[in-house]
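Down below is the structure, laid out as structure tokens.
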Amino acid sequence: MTALKGRISLPGDKSITHRAIILSALAEGPSRITGYLPSEDCQRTMAAFQSMGISIQENSDRGLPMLEVEGKGLFGLSEPVDVIDCGNSGTTMRLLTGLLAAQPFFSVLTGDQSLRKRPMRRVADPLRMMGAEIAGRSEGNRAPLAISGKRLRPIRYDLPIASAQVKSSLLLAGLSTTGLTSVSEPGPSRDHTERMFDYFGIPFKKEGNVLSVEGGFVFRGKMIDIPGDISSAAFFLVAGSIVDGSELILQNVGMNPTRTGGLEVLQSMGANITIKTQKSRCNEPVADLTVRSAALKGCVIEGDLMTRAIDEFPILCIAAAHAEGKTLFKNASELRVKESDRIEMMAAGLRGMGITVETFPEGMAITGRSDWKGCDCKTAGDHRIAMSMAVAGLLTEGGNCIDDVDCIKTSFPGFIDLLSSLAET
Ligand code: S3P
């Protein structure tokens, strides 16, 4: 296999792009968003706000893509005349459920086959405690969700699982509700909503693990510059680690500590990653990363570290499959309700490559080996499974044949071309 060499810039962070669009739409006046991710998931959030009367234009600033959003304030949205299709995007659906529950109109949210299977009670139930009227399939747990927006009452809610989507959904509902809405977290989930609240100057408090927002605050549009997505960088951190002789420089990668779990796991496995030129962009830390190939060894990933590495699980499985010894993923039951059941999908892919895998209800164990064989892999339309199996294909005998690479545009348009271009130089 040819060594991977090069310097790349990652596409913008997906979680931050969703939040930038949402808060810009709720702000008063214009916002400009640079470095945003033009992927299908984020376009779903954009289209949702356009269907509620918000002008969002894709433009460019010195050759770089830029979004211009004309916010209309907290209650400036208009009733969408049709169903809002969130596609594959759980973040779009869960965050909008909270926001729309507190808006004075009727709306319906649906999604693709995968999203319609995912649990929505985790957001709908606490919103119902605030007085929200949300109907859905499977006794109100699955999309399509029909939301009869109304004035809500603030609550204090203890999240049973660490979930940034649930937390953000409740904070967005709280933003449009008179009084103080508080949410406590059992563990650290990504905090981009909180950082962006702060960036927009929205009154927001964090005391220990309790987050509170005061509703009704009027805030103005801003310039937002979004860092590269560390979850997208992870595919190259693993590829650069396992392909012999590689050296990749990844520029402007978001280094929010609630998102660096995957990087820390790789470092504990012996990956050779250096972190340089740390700075801050719109309240989010960023850095340039250099990865050089290295021999990896197995490790145990559990607790908060698992939460902070949750989206990196599929590509960490590939690192584990190449490592010496066993890697154990624990406390990972959330992986069963992501875009696919990622534990079963990765287990099937790895077994096809000849790797020994055990699965458990809450995790997985992988015994690494270096002689992989190519296989036919199924993705269930899950972008991160497709990208992980493509990276693995670099080292398999005969390559991997992936049933769906189109789904990659959910989070990383251009991924296959970028990966191939690095292998050619
Ligand atoms: C996200 C939160 C995480 C993550 C997802 C994006 C977000 O999900 O897995 O890909 O943007 O808030 P949970 O909220 O279920 O932890």
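Here, A, B, ... name the chains of the structure tokens in the order displayed, residue numbers run from 1 inside each chain, and ligands are numbered from 1 in the same displayed order.
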
Inset, instruction - Find the residues near Lys72 (chain A): any atom within 10 Å, counting only C-alpha atoms, skip ones fewer than 4 places away on the same chain, and give them as a ChimeraX atom specification. - result: /A:24-30,53-55,76-78,220-221

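Taking only region 127-185 of chain A, the residues that DSSP calls alpha helix (DSSP H) from the backbone come to Leu127, Arg128, Met129, Arg137, Ser138, Glu139, Gly140, Ala164, Gln165, Val166, Lys167, Ser168, Ser169, Leu170, Leu171, Leu172, Ala173, Gly174 and Leu175 of chain A.
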
Selected residues, all heavy atoms, written as a compact mmCIF listing (two decimals), in the first residue's frame, please.
# COMPACT_ATOMS: atom_id res chain seq x y z
N LEU A 127 -40.07 17.40 26.79
CA LEU A 127 -40.78 18.55 26.21
C LEU A 127 -42.26 18.49 26.60
O LEU A 127 -42.87 19.52 26.89
CB LEU A 127 -40.63 18.58 24.68
CG LEU A 127 -39.22 18.93 24.17
CD1 LEU A 127 -39.07 18.63 22.68
CD2 LEU A 127 -38.90 20.42 24.44
N ARG A 128 -42.81 17.27 26.66
CA ARG A 128 -44.21 17.14 27.10
C ARG A 128 -44.35 17.62 28.55
O ARG A 128 -45.35 18.21 28.92
CB ARG A 128 -44.68 15.69 26.95
CG ARG A 128 -44.88 15.31 25.48
CD ARG A 128 -45.28 13.84 25.32
NE ARG A 128 -45.31 13.49 23.91
CZ ARG A 128 -44.62 12.47 23.36
NH1 ARG A 128 -43.87 11.68 24.11
NH2 ARG A 128 -44.70 12.25 22.05
N MET A 129 -43.31 17.39 29.38
CA MET A 129 -43.36 17.90 30.77
C MET A 129 -43.43 19.42 30.78
O MET A 129 -43.90 20.03 31.71
CB MET A 129 -42.11 17.48 31.55
CG MET A 129 -42.05 16.02 31.87
SD MET A 129 -40.46 15.71 32.70
CE MET A 129 -40.33 13.97 32.43
N ARG A 137 -45.44 8.31 15.74
CA ARG A 137 -45.66 6.87 15.65
C ARG A 137 -45.12 6.18 16.90
O ARG A 137 -44.39 6.81 17.67
CB ARG A 137 -44.96 6.30 14.41
CG ARG A 137 -45.58 6.73 13.09
CD ARG A 137 -44.90 6.02 11.93
NE ARG A 137 -43.45 6.09 12.04
CZ ARG A 137 -42.65 5.03 12.11
NH1 ARG A 137 -43.14 3.81 12.08
NH2 ARG A 137 -41.34 5.18 12.19
N SER A 138 -45.41 4.91 17.06
CA SER A 138 -44.93 4.10 18.19
C SER A 138 -45.16 4.84 19.52
O SER A 138 -44.23 5.08 20.28
CB SER A 138 -43.44 3.77 18.05
OG SER A 138 -43.15 3.29 16.78
N GLU A 139 -46.42 5.21 19.74
CA GLU A 139 -46.82 5.91 20.96
C GLU A 139 -46.00 7.16 21.20
O GLU A 139 -45.51 7.42 22.30
CB GLU A 139 -46.74 4.97 22.16
CG GLU A 139 -47.71 3.82 22.00
CD GLU A 139 -47.59 2.76 23.07
OE1 GLU A 139 -46.75 2.91 23.97
OE2 GLU A 139 -48.34 1.79 22.99
N GLY A 140 -45.80 7.90 20.16
CA GLY A 140 -45.14 9.20 20.29
C GLY A 140 -43.63 9.14 20.29
O GLY A 140 -42.96 10.13 20.57
N ALA A 164 -26.14 15.26 23.68
CA ALA A 164 -26.10 16.67 23.30
C ALA A 164 -27.36 17.07 22.53
O ALA A 164 -27.81 18.21 22.60
CB ALA A 164 -24.87 16.94 22.45
N GLN A 165 -27.93 16.10 21.81
CA GLN A 165 -29.13 16.44 21.03
C GLN A 165 -30.30 16.69 21.97
O GLN A 165 -31.06 17.65 21.78
CB GLN A 165 -29.45 15.31 20.06
CG GLN A 165 -28.42 15.21 18.94
CD GLN A 165 -28.63 14.02 18.04
OE1 GLN A 165 -29.41 13.11 18.35
NE2 GLN A 165 -27.93 13.99 16.92
N VAL A 166 -30.44 15.86 23.02
CA VAL A 166 -31.55 16.06 23.95
C VAL A 166 -31.34 17.35 24.75
O VAL A 166 -32.23 18.20 24.86
CB VAL A 166 -31.70 14.84 24.90
CG1 VAL A 166 -32.87 15.06 25.84
CG2 VAL A 166 -31.89 13.56 24.10
N LYS A 167 -30.12 17.51 25.26
CA LYS A 167 -29.79 18.73 26.01
C LYS A 167 -30.09 19.97 25.17
O LYS A 167 -30.75 20.92 25.62
CB LYS A 167 -28.30 18.66 26.37
CG LYS A 167 -27.66 19.92 26.85
CD LYS A 167 -26.21 19.67 27.27
CE LYS A 167 -25.25 19.47 26.10
NZ LYS A 167 -23.85 19.34 26.53
N SER A 168 -29.64 19.96 23.91
CA SER A 168 -29.80 21.15 23.06
C SER A 168 -31.26 21.38 22.71
O SER A 168 -31.71 22.53 22.62
CB SER A 168 -28.99 20.97 21.77
OG SER A 168 -27.65 20.70 22.09
N SER A 169 -32.00 20.29 22.53
CA SER A 169 -33.42 20.42 22.21
C SER A 169 -34.13 21.15 23.35
O SER A 169 -34.92 22.08 23.14
CB SER A 169 -33.99 19.00 22.04
OG SER A 169 -35.33 19.06 21.69
N LEU A 170 -33.82 20.75 24.60
CA LEU A 170 -34.47 21.37 25.76
C LEU A 170 -34.01 22.82 25.94
O LEU A 170 -34.79 23.70 26.30
CB LEU A 170 -34.20 20.55 27.02
CG LEU A 170 -34.75 19.12 26.96
CD1 LEU A 170 -34.44 18.37 28.24
CD2 LEU A 170 -36.26 19.13 26.73
N LEU A 171 -32.73 23.06 25.68
CA LEU A 171 -32.24 24.44 25.83
C LEU A 171 -32.87 25.34 24.76
O LEU A 171 -33.19 26.51 25.02
CB LEU A 171 -30.71 24.49 25.73
CG LEU A 171 -29.96 23.82 26.90
CD1 LEU A 171 -28.45 23.81 26.64
CD2 LEU A 171 -30.26 24.51 28.24
N LEU A 172 -33.09 24.81 23.56
CA LEU A 172 -33.74 25.62 22.52
C LEU A 172 -35.21 25.87 22.86
O LEU A 172 -35.73 26.96 22.62
CB LEU A 172 -33.61 24.95 21.15
CG LEU A 172 -32.22 25.03 20.53
CD1 LEU A 172 -32.09 24.12 19.32
CD2 LEU A 172 -31.85 26.47 20.16
N ALA A 173 -35.87 24.86 23.45
CA ALA A 173 -37.25 25.07 23.90
C ALA A 173 -37.24 26.15 24.99
O ALA A 173 -38.06 27.06 25.00
CB ALA A 173 -37.83 23.77 24.44
N GLY A 174 -36.25 26.05 25.90
CA GLY A 174 -36.15 27.01 27.01
C GLY A 174 -35.89 28.42 26.53
O GLY A 174 -36.38 29.39 27.12
N LEU A 175 -35.17 28.54 25.43
CA LEU A 175 -34.86 29.87 24.89
C LEU A 175 -36.14 30.63 24.51
O LEU A 175 -36.21 31.85 24.61
CB LEU A 175 -33.98 29.66 23.65
CG LEU A 175 -33.24 30.83 23.06
CD1 LEU A 175 -32.31 31.45 24.08
CD2 LEU A 175 -32.42 30.36 21.84

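Proximity of A:Gly352, A:Ile366, A:Lys279, A:Phe197 to Ile301 (chain A), computed with only C-alpha atoms, is greatest for A:Ile366.
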
Inset, instruction - Please identify all polymer residues within 12 Å of Val300 (chain A), counting only C-alpha atoms, omitting same-chain residues fewer than 5 positions from it, and present them as an MDAnalysis selection string. - result: chainID A and resid 264:266 268:269 305:306 316:317 320 325:332 363:366

Keeping only N, CA, C and O atoms, take the residues you just selected and write them out as a compact mmCIF listing (two decimals), in the first residue's frame.
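Saved result, selection-v1.txt, follows:
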# COMPACT_ATOMS: atom_id res chain seq x y z
N GLU A 264 -7.83 10.97 21.90
CA GLU A 264 -7.18 10.45 23.11
C GLU A 264 -7.07 8.93 23.08
O GLU A 264 -6.07 8.36 23.52
N VAL A 265 -8.12 8.27 22.55
CA VAL A 265 -8.07 6.81 22.44
C VAL A 265 -6.90 6.42 21.54
O VAL A 265 -6.08 5.55 21.88
N LEU A 266 -6.77 7.08 20.39
CA LEU A 266 -5.68 6.74 19.46
C LEU A 266 -4.32 6.97 20.13
O LEU A 266 -3.41 6.15 19.98
N SER A 268 -3.68 6.77 23.27
CA SER A 268 -3.43 5.71 24.26
C SER A 268 -3.11 4.39 23.57
O SER A 268 -2.53 3.49 24.19
N MET A 269 -3.48 4.26 22.31
CA MET A 269 -3.14 3.04 21.55
C MET A 269 -1.72 3.13 20.96
O MET A 269 -1.27 2.20 20.30
N LEU A 305 -15.13 8.62 28.44
CA LEU A 305 -14.29 8.61 27.23
C LEU A 305 -15.08 8.04 26.06
O LEU A 305 -14.99 8.53 24.93
N MET A 306 -15.88 7.03 26.33
CA MET A 306 -16.72 6.45 25.27
C MET A 306 -17.70 7.50 24.74
O MET A 306 -17.89 7.63 23.53
N LEU A 316 -12.57 3.87 14.96
CA LEU A 316 -11.71 3.30 16.02
C LEU A 316 -11.72 1.77 15.95
O LEU A 316 -10.74 1.12 16.31
N CYS A 317 -12.82 1.20 15.45
CA CYS A 317 -12.86 -0.26 15.25
C CYS A 317 -11.78 -0.67 14.25
O CYS A 317 -11.17 -1.74 14.39
N ALA A 320 -8.55 -0.57 16.00
CA ALA A 320 -8.47 -1.72 16.91
C ALA A 320 -8.16 -3.00 16.13
O ALA A 320 -7.41 -3.86 16.60
N GLY A 325 -3.18 -7.12 20.02
CA GLY A 325 -3.99 -7.45 21.21
C GLY A 325 -5.45 -7.07 21.05
O GLY A 325 -5.93 -6.80 19.94
N LYS A 326 -6.12 -7.03 22.19
CA LYS A 326 -7.58 -6.86 22.20
C LYS A 326 -7.97 -5.43 22.54
O LYS A 326 -7.33 -4.81 23.40
N THR A 327 -8.99 -4.91 21.90
CA THR A 327 -9.56 -3.60 22.28
C THR A 327 -10.99 -3.85 22.72
O THR A 327 -11.75 -4.57 22.05
N LEU A 328 -11.35 -3.24 23.86
CA LEU A 328 -12.67 -3.45 24.42
C LEU A 328 -13.42 -2.11 24.47
O LEU A 328 -12.93 -1.15 25.06
N PHE A 329 -14.58 -2.05 23.81
CA PHE A 329 -15.45 -0.87 23.88
C PHE A 329 -16.55 -1.18 24.87
O PHE A 329 -17.29 -2.16 24.68
N LYS A 330 -16.69 -0.37 25.95
CA LYS A 330 -17.72 -0.62 26.96
C LYS A 330 -18.65 0.59 27.06
O LYS A 330 -18.31 1.66 26.57
N ASN A 331 -19.77 0.43 27.73
CA ASN A 331 -20.74 1.52 27.97
C ASN A 331 -21.14 2.22 26.67
O ASN A 331 -21.21 3.45 26.59
N ALA A 332 -21.39 1.40 25.64
CA ALA A 332 -21.61 1.98 24.31
C ALA A 332 -22.98 1.63 23.74
O ALA A 332 -23.15 1.55 22.52
N GLY A 363 -21.53 -3.10 23.96
CA GLY A 363 -20.18 -2.87 23.44
C GLY A 363 -19.66 -3.97 22.56
O GLY A 363 -20.43 -4.78 22.01
N MET A 364 -18.33 -4.03 22.46
CA MET A 364 -17.71 -4.92 21.49
C MET A 364 -16.25 -5.15 21.86
O MET A 364 -15.61 -4.27 22.44
N ALA A 365 -15.72 -6.34 21.51
CA ALA A 365 -14.28 -6.61 21.70
C ALA A 365 -13.71 -7.01 20.34
O ALA A 365 -14.34 -7.77 19.60
N ILE A 366 -12.55 -6.47 20.02
CA ILE A 366 -11.91 -6.72 18.72
C ILE A 366 -10.49 -7.21 18.97
O ILE A 366 -9.74 -6.57 19.71

Inset, instruction - Calculate how many Å separate CA of Val243 (chain A) from CA of Leu418 (chain A), rounding to one decimal. - result: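 Value for the CA of Val243 (chain A)-CA of Leu418 (chain A) distance: 15.5 Å.
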
Legend entry - region 23-67 of chain A: residues DSSP assigns to strand (DSSP E), reported as a VMD selection string: chain A and resid 28 to 34 55 to 61 64 to 67

Legend entry - Residue among A:Val213, A:Val337, A:Ile21, A:Ile318 lying closest to ligand 1, counting only C-alpha atoms and all ligand atoms: A:Val337

Inset, instruction - Fewer than 4 positions away in the same chain doesn't count, so skip those; otherwise give me all residues within 9 Å of Pro285 (chain A), counting only C-alpha atoms, as a ChimeraX atom specification. - result: /A:227,253-257,278-281

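The space between CA of Phe415 (chain A) and CA of Gln251 (chain A) spans 15.6 Å.
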
Inset, instruction - Rank nothing, just name the residue among A:Glu68, A:Glu40, A:Glu312, A:Ser163 nearest to Glu334 (chain A), using only C-alpha atoms. - result: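 Using only C-alpha atoms, the shortest distance to Glu334 (chain A) belongs to A:Ser163.
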
Inset, instruction - Between A:Leu64, A:Ile242, A:Ala347, A:Ala143, single out the one closest to Thr396 (chain A), counting only C-alpha atoms. - result: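 Closest residue, counting only C-alpha atoms: A:Ile242.
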
Legend entry - Nearest candidate to ligand 1 (options A:His383, A:Arg195, A:Arg190, A:Arg151; using only C-alpha atoms and all ligand atoms):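 Nearest to ligand 1: A:Arg190.
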
Inset, instruction - Please provide as a list in words all residues within 9 Å of Pro38 (chain A), with the sequence filter that same-chain residues fewer than 2 positions apart are discarded (counting only C-alpha atoms). - result: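 The filter keeps Pro11, Gly12, Lys14, Thr17, Tyr36, Glu40, Asp41, Cys42, Gln43, Pro65, Ser411, Phe412 and Pro413 of chain A.
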
Write the residues of the selection above to a file with all heavy atoms, as a tab-separated table (two decimals), in the first residue's frame.
chain	number	residue	atom	x	y	z
A	11	PRO	N	-13.54	19.39	6.21
A	11	PRO	CA	-14.79	20.15	6.11
A	11	PRO	C	-15.26	20.61	7.49
A	11	PRO	O	-14.85	20.04	8.51
A	11	PRO	CB	-15.77	19.15	5.49
A	11	PRO	CG	-15.15	17.81	5.58
A	11	PRO	CD	-13.67	17.99	5.79
A	12	GLY	N	-16.12	21.63	7.49
A	12	GLY	CA	-16.57	22.24	8.74
A	12	GLY	C	-17.28	21.25	9.66
A	12	GLY	O	-17.82	20.24	9.21
A	14	LYS	N	-19.91	19.40	11.69
A	14	LYS	CA	-21.34	19.18	11.41
A	14	LYS	C	-22.20	19.69	12.57
A	14	LYS	O	-23.16	20.42	12.35
A	14	LYS	CB	-21.56	17.68	11.16
A	14	LYS	CG	-22.99	17.31	10.86
A	14	LYS	CD	-23.07	16.06	10.02
A	14	LYS	CE	-22.88	14.79	10.82
A	14	LYS	NZ	-24.05	14.45	11.64
A	17	THR	N	-22.17	23.44	12.62
A	17	THR	CA	-22.89	24.04	11.49
A	17	THR	C	-24.40	24.05	11.76
A	17	THR	O	-25.07	25.08	11.54
A	17	THR	CB	-22.58	23.27	10.18
A	17	THR	OG1	-21.18	23.34	9.93
A	17	THR	CG2	-23.32	23.86	8.99
A	36	TYR	N	-18.58	26.58	7.09
A	36	TYR	CA	-19.69	25.67	7.38
A	36	TYR	C	-19.57	24.40	6.54
A	36	TYR	O	-18.86	24.36	5.54
A	36	TYR	CB	-21.04	26.37	7.13
A	36	TYR	CG	-21.37	26.54	5.67
A	36	TYR	CD1	-22.20	25.63	5.00
A	36	TYR	CD2	-20.85	27.60	4.94
A	36	TYR	CE1	-22.49	25.78	3.66
A	36	TYR	CE2	-21.14	27.76	3.60
A	36	TYR	CZ	-21.96	26.84	2.97
A	36	TYR	OH	-22.23	26.98	1.64
A	40	GLU	N	-25.27	16.99	3.29
A	40	GLU	CA	-26.71	16.81	3.20
A	40	GLU	C	-27.41	17.05	4.55
A	40	GLU	O	-28.44	17.71	4.60
A	40	GLU	CB	-27.01	15.41	2.68
A	40	GLU	CG	-28.42	15.33	2.17
A	40	GLU	CD	-28.68	14.09	1.36
A	40	GLU	OE1	-28.07	13.96	0.29
A	40	GLU	OE2	-29.49	13.28	1.81
A	41	ASP	N	-26.83	16.56	5.64
A	41	ASP	CA	-27.46	16.76	6.96
A	41	ASP	C	-27.66	18.25	7.25
A	41	ASP	O	-28.72	18.68	7.70
A	41	ASP	CB	-26.55	16.21	8.07
A	41	ASP	CG	-26.92	14.79	8.46
A	41	ASP	OD1	-27.61	14.12	7.68
A	41	ASP	OD2	-26.50	14.35	9.55
A	42	CYS	N	-26.61	19.04	6.99
A	42	CYS	CA	-26.70	20.47	7.32
A	42	CYS	C	-27.64	21.18	6.35
A	42	CYS	O	-28.35	22.12	6.72
A	42	CYS	CB	-25.31	21.10	7.30
A	42	CYS	SG	-24.25	20.33	8.54
A	43	GLN	N	-27.68	20.69	5.09
A	43	GLN	CA	-28.62	21.29	4.14
A	43	GLN	C	-30.07	21.03	4.56
A	43	GLN	O	-30.96	21.82	4.26
A	43	GLN	CB	-28.33	20.78	2.72
A	43	GLN	CG	-27.19	21.60	2.12
A	43	GLN	CD	-26.41	20.87	1.04
A	43	GLN	OE1	-26.62	19.68	0.79
A	43	GLN	NE2	-25.50	21.58	0.39
A	65	PRO	N	-16.62	29.29	0.74
A	65	PRO	CA	-18.08	29.30	0.84
A	65	PRO	C	-18.56	29.96	2.13
A	65	PRO	O	-17.93	29.83	3.18
A	65	PRO	CB	-18.47	27.82	0.80
A	65	PRO	CG	-17.23	27.07	1.05
A	65	PRO	CD	-16.06	27.94	0.71
A	411	SER	N	-22.25	13.61	5.73
A	411	SER	CA	-21.35	14.39	6.59
A	411	SER	C	-20.05	14.81	5.91
A	411	SER	O	-19.37	15.70	6.41
A	411	SER	CB	-20.98	13.60	7.85
A	411	SER	OG	-20.20	12.48	7.51
A	412	PHE	N	-19.68	14.16	4.78
A	412	PHE	CA	-18.34	14.43	4.25
A	412	PHE	C	-18.33	14.31	2.72
A	412	PHE	O	-17.74	13.37	2.16
A	412	PHE	CB	-17.35	13.45	4.87
A	412	PHE	CG	-15.90	13.87	4.81
A	412	PHE	CD1	-15.00	13.39	5.75
A	412	PHE	CD2	-15.42	14.73	3.82
A	412	PHE	CE1	-13.66	13.75	5.73
A	412	PHE	CE2	-14.08	15.10	3.77
A	412	PHE	CZ	-13.20	14.61	4.72
A	413	PRO	N	-18.98	15.28	2.02
A	413	PRO	CA	-18.92	15.22	0.57
A	413	PRO	C	-17.45	15.28	0.12
A	413	PRO	O	-16.67	16.03	0.71
A	413	PRO	CB	-19.69	16.47	0.10
A	413	PRO	CG	-20.25	17.11	1.32
A	413	PRO	CD	-19.67	16.46	2.54

Inset, instruction - For each of A:Asp125, A:Asp198, A:Glu302, A:Asp382, take the minimum atom-to-atom distance to ligand 1, counting only C-alpha atoms and all ligand atoms, then give the residue where this is smallest. - result: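 Distance minimum relative to ligand 1 lands on A:Asp382.
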
Legend entry - Exercise: Gly6 (chain A) partners within 8 Å, only C-alpha atoms, chain neighbours under 2 positions left out, as a ChimeraX atom specification: /A:4,8,247-249,422,425
